[in-house]
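Shown below: my_file.pdb, with PDB, C-alpha atoms.
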```pdb
ATOM      1  CA  MET I  11       0.000   0.000   0.000
ATOM      2  CA  SER I  12       1.421   3.363  -0.966
ATOM      3  CA  CYS I  13       0.599   6.729   0.521
ATOM      4  CA  CYS I  14      -0.988   9.281  -1.794
ATOM      5  CA  GLY I  15      -0.741   7.065  -4.874
ATOM      6  CA  GLY I  16      -1.460   7.946  -8.490
ATOM      7  CA  GLY I  17      -4.031  10.504  -9.507
ATOM      8  CA  GLU I  18      -6.471   8.346 -11.443
ATOM      9  CA  VAL I  19     -10.184   9.055 -11.171
ATOM     10  CA  ALA I  20     -13.144   6.732 -11.439
ATOM     11  CA  SER I  21     -13.640   5.971 -15.087
ATOM     12  CA  LYS I  22     -14.870   3.602 -17.731
ATOM     13  CA  PRO I  23     -12.132   2.638 -20.215
ATOM     14  CA  SER I  24     -12.590   4.309 -23.587
ATOM     15  CA  ALA I  25     -12.847   2.359 -26.832
ATOM     16  CA  ALA I  26      -9.192   3.138 -27.525
ATOM     17  CA  VAL I  27      -7.951   1.445 -24.362
ATOM     18  CA  GLN I  28     -10.085  -1.686 -24.177
ATOM     19  CA  SER I  29      -6.894  -3.641 -23.541
ATOM     20  CA  LEU I  30      -7.078  -2.525 -19.909
ATOM     21  CA  PRO I  31      -7.552  -5.535 -17.601
ATOM     22  CA  TYR I  32     -10.804  -4.200 -16.123
ATOM     23  CA  LYS I  33     -14.150  -2.984 -17.404
ATOM     24  CA  TYR I  34     -14.718  -0.227 -14.856
ATOM     25  CA  LEU I  35     -12.631   1.717 -12.384
ATOM     26  CA  PHE I  36     -14.564   2.837  -9.301
ATOM     27  CA  LYS I  37     -13.078   5.362  -6.925
ATOM     28  CA  TYR I  38     -13.859   4.851  -3.233
ATOM     29  CA  ILE I  39     -13.352   6.997  -0.164
ATOM     30  CA  ILE I  40     -13.324   5.824   3.457
ATOM     31  CA  VAL I  41     -14.409   8.496   5.922
ATOM     32  CA  GLY I  42     -15.063   8.799   9.650
ATOM     33  CA  ASP I  43     -13.434   9.864  12.887
ATOM     34  CA  THR I  44      -9.827   9.149  13.806
ATOM     35  CA  ALA I  45      -8.995   5.602  14.949
ATOM     36  CA  VAL I  46     -12.264   3.953  13.905
ATOM     37  CA  GLY I  47     -10.272   1.485  11.798
ATOM     38  CA  LYS I  48     -10.421   3.017   8.318
ATOM     39  CA  SER I  49      -6.812   2.184   7.436
ATOM     40  CA  CYS I  50      -7.214  -1.317   8.868
ATOM     41  CA  LEU I  51     -10.298  -1.928   6.731
ATOM     42  CA  LEU I  52      -8.365  -0.846   3.647
ATOM     43  CA  LEU I  53      -5.391  -3.049   4.528
ATOM     44  CA  GLN I  54      -7.588  -6.065   5.267
ATOM     45  CA  PHE I  55      -9.414  -5.709   1.942
ATOM     46  CA  THR I  56      -6.364  -5.059  -0.250
ATOM     47  CA  ASP I  57      -3.681  -7.120   1.520
ATOM     48  CA  LYS I  58      -5.673  -9.648   3.594
ATOM     49  CA  ARG I  59      -3.862  -8.722   6.774
ATOM     50  CA  PHE I  60      -4.446  -6.852  10.012
ATOM     51  CA  GLN I  61      -1.969  -4.387  11.451
ATOM     52  CA  PRO I  62      -2.764  -3.893  15.166
ATOM     53  CA  VAL I  63      -0.603  -0.770  15.521
ATOM     54  CA  HIS I  64      -1.152   1.770  12.767
ATOM     55  CA  ASP I  65       0.089   5.354  12.577
ATOM     56  CA  LEU I  66      -2.619   7.967  12.216
ATOM     57  CA  THR I  67      -3.293   8.729   8.577
ATOM     58  CA  ILE I  68      -1.829  12.057   7.474
ATOM     59  CA  GLY I  69      -3.935  13.415   4.619
ATOM     60  CA  VAL I  70      -4.821  10.276   2.640
ATOM     61  CA  GLU I  71      -3.573   6.754   2.017
ATOM     62  CA  PHE I  72      -4.243   4.737  -1.101
ATOM     63  CA  GLY I  73      -4.879   1.128  -2.016
ATOM     64  CA  SER I  74      -6.481  -0.781  -4.867
ATOM     65  CA  ARG I  75      -7.846  -4.197  -5.720
ATOM     66  CA  THR I  76      -9.583  -5.756  -8.695
ATOM     67  CA  ILE I  77     -12.726  -7.794  -8.059
ATOM     68  CA  THR I  78     -15.105  -9.745 -10.318
ATOM     69  CA  ILE I  79     -18.779  -8.890 -10.691
ATOM     70  CA  ASP I  80     -20.889 -10.811 -13.218
ATOM     71  CA  GLU I  81     -17.684 -12.111 -14.830
ATOM     72  CA  ASN I  82     -16.420  -8.553 -15.339
ATOM     73  CA  GLN I  83     -13.226  -7.210 -13.786
ATOM     74  CA  ILE I  84     -13.831  -4.097 -11.678
ATOM     75  CA  LYS I  85     -10.925  -2.147 -10.221
ATOM     76  CA  LEU I  86     -11.563  -0.410  -6.917
ATOM     77  CA  GLN I  87      -9.292   2.538  -6.227
ATOM     78  CA  ILE I  88      -9.659   3.315  -2.522
ATOM     79  CA  TRP I  89      -8.688   6.510  -0.724
ATOM     80  CA  ASP I  90      -8.460   6.301   3.064
ATOM     81  CA  THR I  91      -8.925   9.807   4.477
ATOM     82  CA  ALA I  92      -7.600  11.284   7.720
ATOM     83  CA  GLY I  93     -10.147  11.653  10.494
ATOM     84  CA  GLN I  94      -8.542  14.599  12.249
ATOM     85  CA  GLU I  95     -10.372  17.902  11.874
ATOM     86  CA  LYS I  96      -7.195  19.734  10.794
ATOM     87  CA  PHE I  97      -6.989  17.577   7.632
ATOM     88  CA  ARG I  98     -10.656  17.791   6.757
ATOM     89  CA  SER I  99     -10.320  20.608   4.230
ATOM     90  CA  ILE I 100      -7.566  18.660   2.457
ATOM     91  CA  THR I 101      -9.385  15.352   2.323
ATOM     92  CA  ARG I 102     -12.576  16.922   0.978
ATOM     93  CA  SER I 103     -10.891  17.267  -2.414
ATOM     94  CA  TYR I 104     -10.784  13.459  -2.647
ATOM     95  CA  TYR I 105     -14.584  13.184  -2.567
ATOM     96  CA  ARG I 106     -14.786  14.383  -6.157
ATOM     97  CA  GLY I 107     -15.427  11.586  -8.611
ATOM     98  CA  ALA I 108     -16.008   8.999  -5.887
ATOM     99  CA  ALA I 109     -18.480   6.295  -6.873
ATOM    100  CA  GLY I 110     -18.584   4.729  -3.417
ATOM    101  CA  ALA I 111     -17.949   5.622   0.203
ATOM    102  CA  LEU I 112     -17.601   3.699   3.430
ATOM    103  CA  LEU I 113     -18.819   5.817   6.350
ATOM    104  CA  VAL I 114     -17.143   4.254   9.378
ATOM    105  CA  TYR I 115     -17.672   4.449  13.138
ATOM    106  CA  ASP I 116     -16.326   2.412  16.046
ATOM    107  CA  ILE I 117     -19.040   0.439  17.862
ATOM    108  CA  THR I 118     -17.098   0.858  21.141
ATOM    109  CA  ARG I 119     -16.900   4.679  20.960
ATOM    110  CA  ARG I 120     -20.223   6.486  21.079
ATOM    111  CA  GLU I 121     -18.738   9.814  19.965
ATOM    112  CA  THR I 122     -17.693   8.353  16.600
ATOM    113  CA  PHE I 123     -21.318   7.403  15.980
ATOM    114  CA  ASP I 124     -22.530  10.830  17.084
ATOM    115  CA  HIS I 125     -20.287  12.476  14.460
ATOM    116  CA  LEU I 126     -21.665  10.450  11.533
ATOM    117  CA  GLN I 127     -24.129  13.129  10.427
ATOM    118  CA  SER I 128     -21.321  15.620   9.850
ATOM    119  CA  TRP I 129     -19.316  13.100   7.785
ATOM    120  CA  LEU I 130     -22.410  12.161   5.796
ATOM    121  CA  GLU I 131     -23.109  15.806   5.014
ATOM    122  CA  ASP I 132     -19.553  16.165   3.685
ATOM    123  CA  CYS I 133     -20.009  13.072   1.508
ATOM    124  CA  ARG I 134     -23.141  14.449  -0.034
ATOM    125  CA  ARG I 135     -21.901  18.016  -0.346
ATOM    126  CA  TYR I 136     -18.553  17.332  -1.999
ATOM    127  CA  SER I 137     -19.212  14.212  -4.080
ATOM    128  CA  ASN I 138     -21.614  13.190  -6.827
ATOM    129  CA  GLN I 139     -25.278  12.863  -5.841
ATOM    130  CA  ASN I 140     -25.257   9.258  -7.104
ATOM    131  CA  ILE I 141     -22.487   8.112  -4.757
ATOM    132  CA  VAL I 142     -23.233   4.774  -3.045
ATOM    133  CA  ILE I 143     -22.630   5.138   0.702
ATOM    134  CA  MET I 144     -22.359   2.170   3.046
ATOM    135  CA  LEU I 145     -22.465   2.709   6.809
ATOM    136  CA  ILE I 146     -19.887   0.574   8.625
ATOM    137  CA  GLY I 147     -19.903  -0.191  12.343
ATOM    138  CA  ASN I 148     -16.333  -1.424  12.776
ATOM    139  CA  LYS I 149     -14.682  -3.463  15.573
ATOM    140  CA  SER I 150     -17.518  -5.957  15.909
ATOM    141  CA  ASP I 151     -14.982  -8.309  17.521
ATOM    142  CA  LEU I 152     -15.108  -6.086  20.627
ATOM    143  CA  GLU I 153     -18.683  -7.006  21.519
ATOM    144  CA  ASN I 154     -17.941  -6.812  25.241
ATOM    145  CA  LYS I 155     -17.005  -3.126  24.833
ATOM    146  CA  ARG I 156     -19.917  -2.164  22.595
ATOM    147  CA  SER I 157     -21.472   1.256  23.226
ATOM    148  CA  VAL I 158     -23.546   1.544  20.011
ATOM    149  CA  SER I 159     -26.146  -1.147  19.361
ATOM    150  CA  LYS I 160     -26.558  -2.753  15.956
ATOM    151  CA  GLU I 161     -30.150  -1.519  15.958
ATOM    152  CA  GLU I 162     -28.957   2.084  16.303
ATOM    153  CA  GLY I 163     -26.632   1.655  13.343
ATOM    154  CA  GLN I 164     -29.430   0.161  11.253
ATOM    155  CA  GLU I 165     -31.791   2.973  12.265
ATOM    156  CA  PHE I 166     -29.277   5.640  11.183
ATOM    157  CA  ALA I 167     -28.780   3.840   7.876
ATOM    158  CA  ASN I 168     -32.521   3.521   7.246
ATOM    159  CA  LYS I 169     -33.099   7.173   8.093
ATOM    160  CA  ASN I 170     -30.431   8.337   5.655
ATOM    161  CA  GLY I 171     -30.935   5.862   2.828
ATOM    162  CA  LEU I 172     -27.699   3.944   3.425
ATOM    163  CA  THR I 173     -26.831   0.270   3.468
ATOM    164  CA  PHE I 174     -25.357  -1.017   6.730
ATOM    165  CA  LEU I 175     -22.928  -3.662   7.936
ATOM    166  CA  GLU I 176     -20.950  -4.291  11.081
ATOM    167  CA  THR I 177     -17.366  -5.348  10.347
ATOM    168  CA  SER I 178     -14.158  -6.360  12.052
ATOM    169  CA  ALA I 179     -10.941  -5.358  10.347
ATOM    170  CA  LYS I 180      -9.184  -7.635  12.849
ATOM    171  CA  THR I 181     -11.069 -10.853  12.044
ATOM    172  CA  ALA I 182     -12.009  -9.774   8.482
ATOM    173  CA  ALA I 183     -15.714 -10.278   9.259
ATOM    174  CA  ASN I 184     -17.852  -8.597   6.569
ATOM    175  CA  VAL I 185     -14.896  -6.606   5.162
ATOM    176  CA  GLU I 186     -15.188  -8.292   1.747
ATOM    177  CA  ALA I 187     -18.948  -7.844   1.807
ATOM    178  CA  ALA I 188     -18.694  -4.121   2.578
ATOM    179  CA  PHE I 189     -16.707  -3.390  -0.557
ATOM    180  CA  ILE I 190     -18.194  -5.994  -2.881
ATOM    181  CA  GLU I 191     -21.856  -5.345  -2.049
ATOM    182  CA  SER I 192     -21.423  -1.589  -2.518
ATOM    183  CA  ALA I 193     -19.415  -2.145  -5.725
ATOM    184  CA  ARG I 194     -22.215  -4.328  -7.048
ATOM    185  CA  LYS I 195     -24.709  -1.488  -6.511
ATOM    186  CA  ILE I 196     -22.417   0.921  -8.362
ATOM    187  CA  TYR I 197     -21.915  -1.628 -11.138
ATOM    188  CA  GLN I 198     -25.644  -2.193 -11.574
ATOM    189  CA  THR I 199     -26.317   1.535 -11.782
ATOM    190  CA  THR I 200     -23.499   1.971 -14.294
ATOM    191  CA  GLU I 201     -24.633  -0.940 -16.461
ATOM    192  CA  ALA I 202     -28.174   0.439 -16.455
ATOM    193  CA  GLY I 203     -26.830   3.728 -17.829
ATOM    194  CA  GLY I 204     -27.761   5.712 -14.760
ATOM    195  CA  VAL I 205     -24.303   7.195 -14.171
ATOM    196  CA  ASP I 206     -21.314   7.637 -16.462
ATOM    197  CA  TRP I 207     -18.484   7.538 -13.928
ATOM    198  CA  SER I 208     -15.955   8.463 -16.621
ATOM    199  CA  LYS I 209     -17.369  12.004 -16.384
ATOM    200  CA  GLN I 210     -17.513  12.367 -12.616
ATOM    201  CA  GLY I 211     -13.885  13.275 -11.959
ATOM    202  CA  GLU I 212     -13.721  16.019 -14.573
TER     203      GLU I 212
END
```
Could you spell out this file's structure in structure tokens?
Amino acid sequence: MSCCGGGEVASKPSAAVQSLPYKYLFKYIIVGDTAVGKSCLLLQFTDKRFQPVHDLTIGVEFGSRTITIDENQIKLQIWDTAGQEKFRSITRSYYRGAAGALLVYDITRRETFDHLQSWLEDCRRYSNQNIVIMLIGNKSDLENKRSVSKEEGQEFANKNGLTFLETSAKTAANVEAAFIESARKIYQTTEAGGVDWSKQGE
């Protein structure tokens, strides 16, 4: 995983470059408070590993992985944004062109759940109106320390038109599903002609 990797944007390969090894490129952002596990979710999805001690993200980190949906190769380009308030104005620039977002809180820290509305407003203000947002309650392996119930997470998702999963970056529970289920929604919308993601980063 490299920090602040290349400057590609979500796009559909043009007719001239059909030799690319994927049909679509979807840009993702991961947002939420500091230390909710955003970087660990990215690392688990892209590298299949968990890093228990992780430096706080400065600005953004980058990772990518190609998945298969309906026998088509889809490349996910994922930007992990810093949760600290002082970096918020910087990371907002990465919302542009994003096809998907993971909105993450820590089920053991009530304040990270309380701040979701502010992060959601940023997602909707600075990205495309068609962005697919999945709400993620991370650290489900710490059930004995839970301070936000699953029902509360589901209620917030229902209220705001989001899909919802609880995950554990440590055990990998639902990490694949979080990315693949949201990518499938983006893919279906794209195939139906609802959004041309090749135009969203311009």
Practice task
Please identify all polymer residues within 9 Å of Ser150 of chain I, counting all atoms listed in the file, omitting same-chain residues fewer than 5 positions from it, and present them as a VMD selection string.
Solution key: chain I and resid 116 to 118 156 176 to 179 181 183
Can I get the selection written as a JSON list (two decimals), in the coordinates of the input, with C-alpha atoms?
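The resulting file, result.json, is shown below:
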```
[["chain", "number", "residue", "atom", "x", "y", "z"],
["I", 116, "ASP", "CA", -16.33, 2.41, 16.05],
["I", 117, "ILE", "CA", -19.04, 0.44, 17.86],
["I", 118, "THR", "CA", -17.10, 0.86, 21.14],
["I", 156, "ARG", "CA", -19.92, -2.16, 22.60],
["I", 176, "GLU", "CA", -20.95, -4.29, 11.08],
["I", 177, "THR", "CA", -17.37, -5.35, 10.35],
["I", 178, "SER", "CA", -14.16, -6.36, 12.05],
["I", 179, "ALA", "CA", -10.94, -5.36, 10.35],
["I", 181, "THR", "CA", -11.07, -10.85, 12.04],
["I", 183, "ALA", "CA", -15.71, -10.28, 9.26]]
```
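Going from atom CA of Ala182 of chain I to atom CA of Lys160 of chain I covers 17.8 Å.
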Exercise for the section: I need the residue set behind the PyMOL selection byres ((chain I and resi 185) around 12) for this file; please write it as a PyMOL selection string. Expected result: chain I and resi 47-48+50-60+112+114+144+146-150+174-184+186-192
Padding 3 Å on every side, please: axis-aligned box over the listed atoms of segment 171-174 of chain I, centre and edge lengths to one decimal in Å, as JSON.
```
{"center_x": -28.1, "center_y": 2.4, "center_z": 4.8, "size_x": 11.6, "size_y": 12.9, "size_z": 9.9}
```
Handout entry: Picked residues, the PyMOL selection byres ((chain I and resi 142) around 8), expected as a ChimeraX atom specification
Key = /I:109-111,140-141,143-144,172,192,195-196
Could you write out that same residue set with C-alpha atoms as a tab-separated table (two decimals), keeping the file's coordinate frame?
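Result written to result-v9.tsv:
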```
chain	number	residue	atom	x	y	z
I	109	ALA	CA	-18.48	6.30	-6.87
I	110	GLY	CA	-18.58	4.73	-3.42
I	111	ALA	CA	-17.95	5.62	0.20
I	140	ASN	CA	-25.26	9.26	-7.10
I	141	ILE	CA	-22.49	8.11	-4.76
I	143	ILE	CA	-22.63	5.14	0.70
I	144	MET	CA	-22.36	2.17	3.05
I	172	LEU	CA	-27.70	3.94	3.42
I	192	SER	CA	-21.42	-1.59	-2.52
I	195	LYS	CA	-24.71	-1.49	-6.51
I	196	ILE	CA	-22.42	0.92	-8.36
```
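Here atom CA of Leu35 of chain I is placed at a distance of 19.7 Å from atom CA of Tyr136 of chain I.
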Practice task
Check what the PyMOL selection byres ((chain I and resi 122) around 12) selects in the file above and give those residues as a PyMOL selection string.
Solution key: chain I and resi 41-47+93-94+113-121+123-129+146-148+157-158+163
Practice task
Calculate how many Å separate atom CA of Phe36 of chain I from atom CA of Ala108 of chain I, rounding to one decimal.
Solution key: 7.2 Å
Exercise for the section: Rank I:Arg106, I:Glu71, I:Glu153, I:Thr173 by their smallest atom-to-atom distance to Thr91 of chain I, using all atoms listed in the file, and report the top residue only. Expected result: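 Nearest to Thr91 of chain I: I:Glu71.
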Spatial neighbours of Lys85 of chain I, 7 Å, only C-alpha atoms, chain gap at least 3 places, as an mmCIF file with C-alpha atoms, in the frame of the given file:
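Listing of around-v6.cif after writing:
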```cif
data_model
loop_
_atom_site.group_PDB
_atom_site.id
_atom_site.type_symbol
_atom_site.label_atom_id
_atom_site.label_comp_id
_atom_site.auth_asym_id
_atom_site.auth_seq_id
_atom_site.Cartn_x
_atom_site.Cartn_y
_atom_site.Cartn_z
ATOM 1 C CA TYR I 32 -10.804 -4.200 -16.123
ATOM 2 C CA TYR I 34 -14.718 -0.227 -14.856
ATOM 3 C CA LEU I 35 -12.631 1.717 -12.384
ATOM 4 C CA PHE I 36 -14.564 2.837 -9.301
ATOM 5 C CA ARG I 75 -7.846 -4.197 -5.720
ATOM 6 C CA THR I 76 -9.583 -5.756 -8.695
ATOM 7 C CA ILE I 77 -12.726 -7.794 -8.059
#
```
Problem - Residue among I:Leu152, I:Thr200, I:Leu145, I:Ile40 lying closest to Glu165 of chain I, counting all atoms listed in the file - result: I:Leu145
Practice task
Choose the residue, out of I:Ile39, I:Leu130, I:Ala193, I:Ala167, that has the smallest atom-to-atom separation from Thr78 of chain I; count all atoms listed in the file.
Solution key: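 Using all atoms listed in the file, the shortest distance to Thr78 of chain I belongs to I:Ala193.
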Practice task
Determine the nearest neighbour of Ala92 of chain I from the options I:Ser49, I:Gln61, I:Ser74, I:Thr199, counting all atoms listed in the file.
Solution key: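 Smallest separation from Ala92 of chain I among the options: I:Ser49.
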Completion exercise
Counting all atoms listed in the file, closest pick from I:Ile84, I:Ala202, I:Leu30, I:Cys133 relative to Gly107 of chain I is I:Cys133
